[in-house]
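Asker: Would you mind keeping the following structure in view while I ask a few things?
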Amino acid sequence: MANKKTFYVTTPIYYPTAKPHLGTAYTTIAVDILARWNKLLGKDVFFLTGTDEHGQKLEEAAKLAGQNPKDYVDKLVEDFKNAWKELNIEFNGFIRTTDKEHEEIVKKIIKKIYDSGDLYESDYEGLYCIPCESYWTEKDLVNGKCPSCGREVKAFKEKAYFFKLSKYQDKLLELYKKNPRFIMPESKRNEIISRVKEGLKDISFTRSQFKWGIEFPINKNYVLWVWPDALSNYISALDWPNGKNFKKFWPADCHLVGKDIIWFHCVIWPAMLFSAGIEVPKTIFAHGWWTANGEKMSKSKGNVVDPLELSKKYSLDSFRYFIFRATPFGEDGDFSEKALVDRHNNELANKLGNLVSRVTALAEKYGIEKAENKNKLLGKLKLKEIEKLIDNYEFDKALNLIFEFIDKCNEYVQEKKPWETHDKKILYELIDSIKAIAILLWAFMPETCEKIASNLGFEIKDLKDIGKAIKISKIKKGEILFKKIES
Ligand code: MSP
């Protein structure tokens, strides 16, 4: 058999200083959706996530907690792993930047960059935002504050090793031009192109005022700046340069990130890879940011949306569904619990839940009998369009089309009245169509779809099974999928 196609998809690695919240859950669930979807397409999928554990911000947080940084992060990392488990995230690899293997590989990457003549020692003078671990200049600031997070920046002066980012300006612009899918969506691509065209400055790659980082392999007086350390996770986790997984999965199909960190991923990371002579990833997709009831989420405002609390209060799948249906992926969204409850009631309980419970109850009672479906009810499913939309990261539109089909199925029930006719062939068409719905929604709502599949007597394995008629088996009605919520 020919080798299976591969699909390598990553989340950013998270700073374990904040508990998982709506923002980090959003990125992680999106990657879970892509990973599951590509499994259905028959690909060999590798889904990587992890934690970004070095840097000044972490050192300061540990100090504040009265602990050494490693003990401090060890506990927090468990919170992340548990949260992802509760959100039904099926990752294959979890990397920590304090893993010895990672640290060794990062040193090798830095040496390669040095050997290319792209690192030199000079004086750095400028501003630094510790929460974002980012360098800024006066002209970047907005109202005197960090343009990314709005917090105070610190001025400092130190000796540093600089990475020759400026050298790669033309090569980067050529990459963006040649490969329109390198930065997605288009609005972000245009933004990066115009910023790179304004000119690139060399960037400091080392810090010397604290110790909590990977030792800079060229000069022991420095630690490596946290960003090149963190970005390297995408290949250290594959055991670059000779690992089996590196050969199999690199270049990554998609680094999924939030819009605040695209500069690092779309400019610094490919320039590092150019310098080290490594292929660049295929796509960096940047999603938008969530606000909560119109306001930026922050610990101090106490309005941080907790994904675990919400998924316990309603249902995990209602939460997973809502965040991808409510806002176009790639654009900003505003989270409101009321909107979640409305969609849970109107779409999940009334449309999907109702269809499944009515049809399975009738099929359990009267049975089903094989009938043509492809050119009938199932023919109304816009499968090719849905596939294209997901390939283009347009999750909300794909869900719209799947729900359009659910509407068609509900209308069909009304029109054919199987509760009066007991028509087993009509019930077969409906069951076969529900099978298609369960396969299509599985990436978004795995638990619900697996329940449906088990009541219908099939397993969700392959998108192609949509085109194969469902085998007749005893249909079970099963429990109610989504209980209505009184507001
Ligand atoms: N450690 C870096 C990433 C290094 S990757 C080589 C980092 N970590 S983070 O924990 O601060 O953030 C991780 C992700 O969470 C980012 O993609 C960010 O966009 C996302 N979000 C954080 N808050 C968010 C919202 N309010 N809304 C949507 N996503 C948000 O950055």
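Identifiers in the structure tokens: chain A, B, ... in order shown; residue index from 1 per chain; ligand index from 1 in order shown.
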So which bits of region 199-393 of chain A end up helix (DSSP H, G or I) when you DSSP the backbone, as a VMD selection string?

Answerer: chain A and resid 226 to 231 233 to 236 244 to 249 259 to 276 307 to 313 316 to 325 337 to 366 377 to 380 383 to 391

Asker: Got a sec: who's within 12 Å of region 477-481 of chain A, counting only C-alpha atoms, leaving out chain neighbours fewer than 4 positions off, as an mmCIF file with C-alpha atoms, in the first residue's frame?

Answerer:
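That gives us around_8.cif:
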data_model
loop_
_atom_site.group_PDB
_atom_site.id
_atom_site.type_symbol
_atom_site.label_atom_id
_atom_site.label_comp_id
_atom_site.auth_asym_id
_atom_site.auth_seq_id
_atom_site.Cartn_x
_atom_site.Cartn_y
_atom_site.Cartn_z
ATOM 1 C CA TYR A 314 -23.906 23.253 29.545
ATOM 2 C CA SER A 315 -22.119 20.494 27.673
ATOM 3 C CA LEU A 316 -18.648 20.216 26.270
ATOM 4 C CA ASP A 317 -19.946 19.824 22.753
ATOM 5 C CA SER A 318 -22.245 22.857 23.051
ATOM 6 C CA HIS A 344 -27.608 25.300 22.316
ATOM 7 C CA ASN A 345 -31.416 25.489 22.435
ATOM 8 C CA GLU A 347 -29.637 24.639 16.921
ATOM 9 C CA LEU A 348 -28.380 21.730 18.975
ATOM 10 C CA ALA A 349 -31.508 20.778 20.928
ATOM 11 C CA ASN A 350 -34.225 21.828 18.439
ATOM 12 C CA LYS A 351 -32.559 20.948 15.165
ATOM 13 C CA LEU A 352 -29.899 18.271 15.598
ATOM 14 C CA GLY A 353 -31.166 16.694 18.823
ATOM 15 C CA ASN A 354 -34.755 16.665 17.672
ATOM 16 C CA LEU A 355 -33.959 15.103 14.310
ATOM 17 C CA VAL A 356 -31.911 12.340 15.867
ATOM 18 C CA SER A 357 -34.376 11.545 18.624
ATOM 19 C CA ARG A 358 -37.474 11.510 16.392
ATOM 20 C CA VAL A 359 -35.909 9.416 13.666
ATOM 21 C CA THR A 360 -34.135 6.926 15.923
ATOM 22 C CA ALA A 361 -37.307 6.450 18.010
ATOM 23 C CA LEU A 362 -39.315 5.627 14.871
ATOM 24 C CA ALA A 363 -36.568 3.441 13.433
ATOM 25 C CA GLU A 364 -36.276 1.538 16.707
ATOM 26 C CA LYS A 365 -40.001 0.924 16.674
ATOM 27 C CA TYR A 366 -40.689 0.169 13.005
ATOM 28 C CA GLY A 367 -37.250 -0.858 11.678
ATOM 29 C CA ILE A 431 -30.861 7.157 9.274
ATOM 30 C CA MET A 445 -18.482 17.494 18.565
ATOM 31 C CA GLU A 447 -18.670 12.872 22.038
ATOM 32 C CA THR A 448 -22.142 13.593 20.645
ATOM 33 C CA CYS A 449 -21.353 12.095 17.260
ATOM 34 C CA GLU A 450 -19.907 8.949 18.789
ATOM 35 C CA LYS A 451 -23.131 8.513 20.771
ATOM 36 C CA ILE A 452 -25.161 8.864 17.583
ATOM 37 C CA ALA A 453 -22.902 6.421 15.739
ATOM 38 C CA SER A 454 -23.179 3.864 18.502
ATOM 39 C CA ASN A 455 -27.007 4.050 18.435
ATOM 40 C CA LEU A 456 -26.957 3.633 14.682
ATOM 41 C CA GLY A 457 -24.493 0.741 14.885
#

Asker: Could you tell me, counting only C-alpha atoms and all ligand atoms, which protein and nucleic acid residues lie no more than 7 Å from ligand 1, written as a PyMOL selection string?

Answerer: chain A and resi 12-16+22-24+26-27+52+227+230-231+233+257-261+288-291+296-297

Asker: Taking C-alpha atoms for each residue, export the selection above as a PDB file, in the first residue's frame.

Answerer:
ATOM      1  CA  PRO A  12       1.382  27.542  20.061  1.00  0.00           C
ATOM      2  CA  ILE A  13       3.056  26.301  23.219  1.00  0.00           C
ATOM      3  CA  TYR A  14       1.395  28.061  26.112  1.00  0.00           C
ATOM      4  CA  TYR A  15       2.944  30.047  28.924  1.00  0.00           C
ATOM      5  CA  PRO A  16       1.863  28.036  31.928  1.00  0.00           C
ATOM      6  CA  LEU A  22     -11.245  30.686  26.413  1.00  0.00           C
ATOM      7  CA  GLY A  23      -8.371  32.008  24.263  1.00  0.00           C
ATOM      8  CA  THR A  24      -6.010  29.093  24.677  1.00  0.00           C
ATOM      9  CA  TYR A  26     -10.010  28.145  21.270  1.00  0.00           C
ATOM     10  CA  THR A  27      -6.648  27.563  19.571  1.00  0.00           C
ATOM     11  CA  ASP A  52       6.607  27.454  26.868  1.00  0.00           C
ATOM     12  CA  TRP A 227      11.028  33.175  21.385  1.00  0.00           C
ATOM     13  CA  ALA A 230       9.837  28.394  21.868  1.00  0.00           C
ATOM     14  CA  LEU A 231       9.563  28.446  18.074  1.00  0.00           C
ATOM     15  CA  ASN A 233       9.627  23.321  19.589  1.00  0.00           C
ATOM     16  CA  VAL A 257      -1.780  30.680  16.231  1.00  0.00           C
ATOM     17  CA  GLY A 258      -3.602  33.721  17.568  1.00  0.00           C
ATOM     18  CA  LYS A 259      -3.238  37.010  15.741  1.00  0.00           C
ATOM     19  CA  ASP A 260      -1.023  38.493  18.468  1.00  0.00           C
ATOM     20  CA  ILE A 261       1.856  36.144  17.679  1.00  0.00           C
ATOM     21  CA  GLY A 288      -8.910  36.341  15.958  1.00  0.00           C
ATOM     22  CA  TRP A 289      -9.324  37.239  19.600  1.00  0.00           C
ATOM     23  CA  TRP A 290     -12.267  36.802  21.923  1.00  0.00           C
ATOM     24  CA  THR A 291     -13.582  39.544  24.128  1.00  0.00           C
ATOM     25  CA  LYS A 296     -10.908  42.486  26.832  1.00  0.00           C
ATOM     26  CA  MET A 297     -10.614  39.476  29.132  1.00  0.00           C
TER      27      MET A 297
END

Asker: Calculated over only C-alpha atoms, which of the candidates A:Lys435, A:His422, A:Lys100, A:His255 has the smallest distance to Lys468 (chain A)?

Answerer: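 Counting only C-alpha atoms, the residue closest to Lys468 (chain A) is A:Lys435.
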
Asker: Using only C-alpha atoms, which protein or nucleic acid residues come within 9 Å of Lys380 (chain A)? Drop anything in the same chain fewer than 4 positions from it, and give the result as a list of chain:residue names.

Answerer: A:Lys374, A:Asn375, A:Lys376, A:Phe405, A:Lys408

Asker: Could you check which of A:Leu430, A:Gly213, A:Gly277, A:Thr206 is closest to Val413 (chain A), using only C-alpha atoms?

Answerer: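 Looking only at the distances to Val413 (chain A), the closest residue turns out to be A:Leu430.
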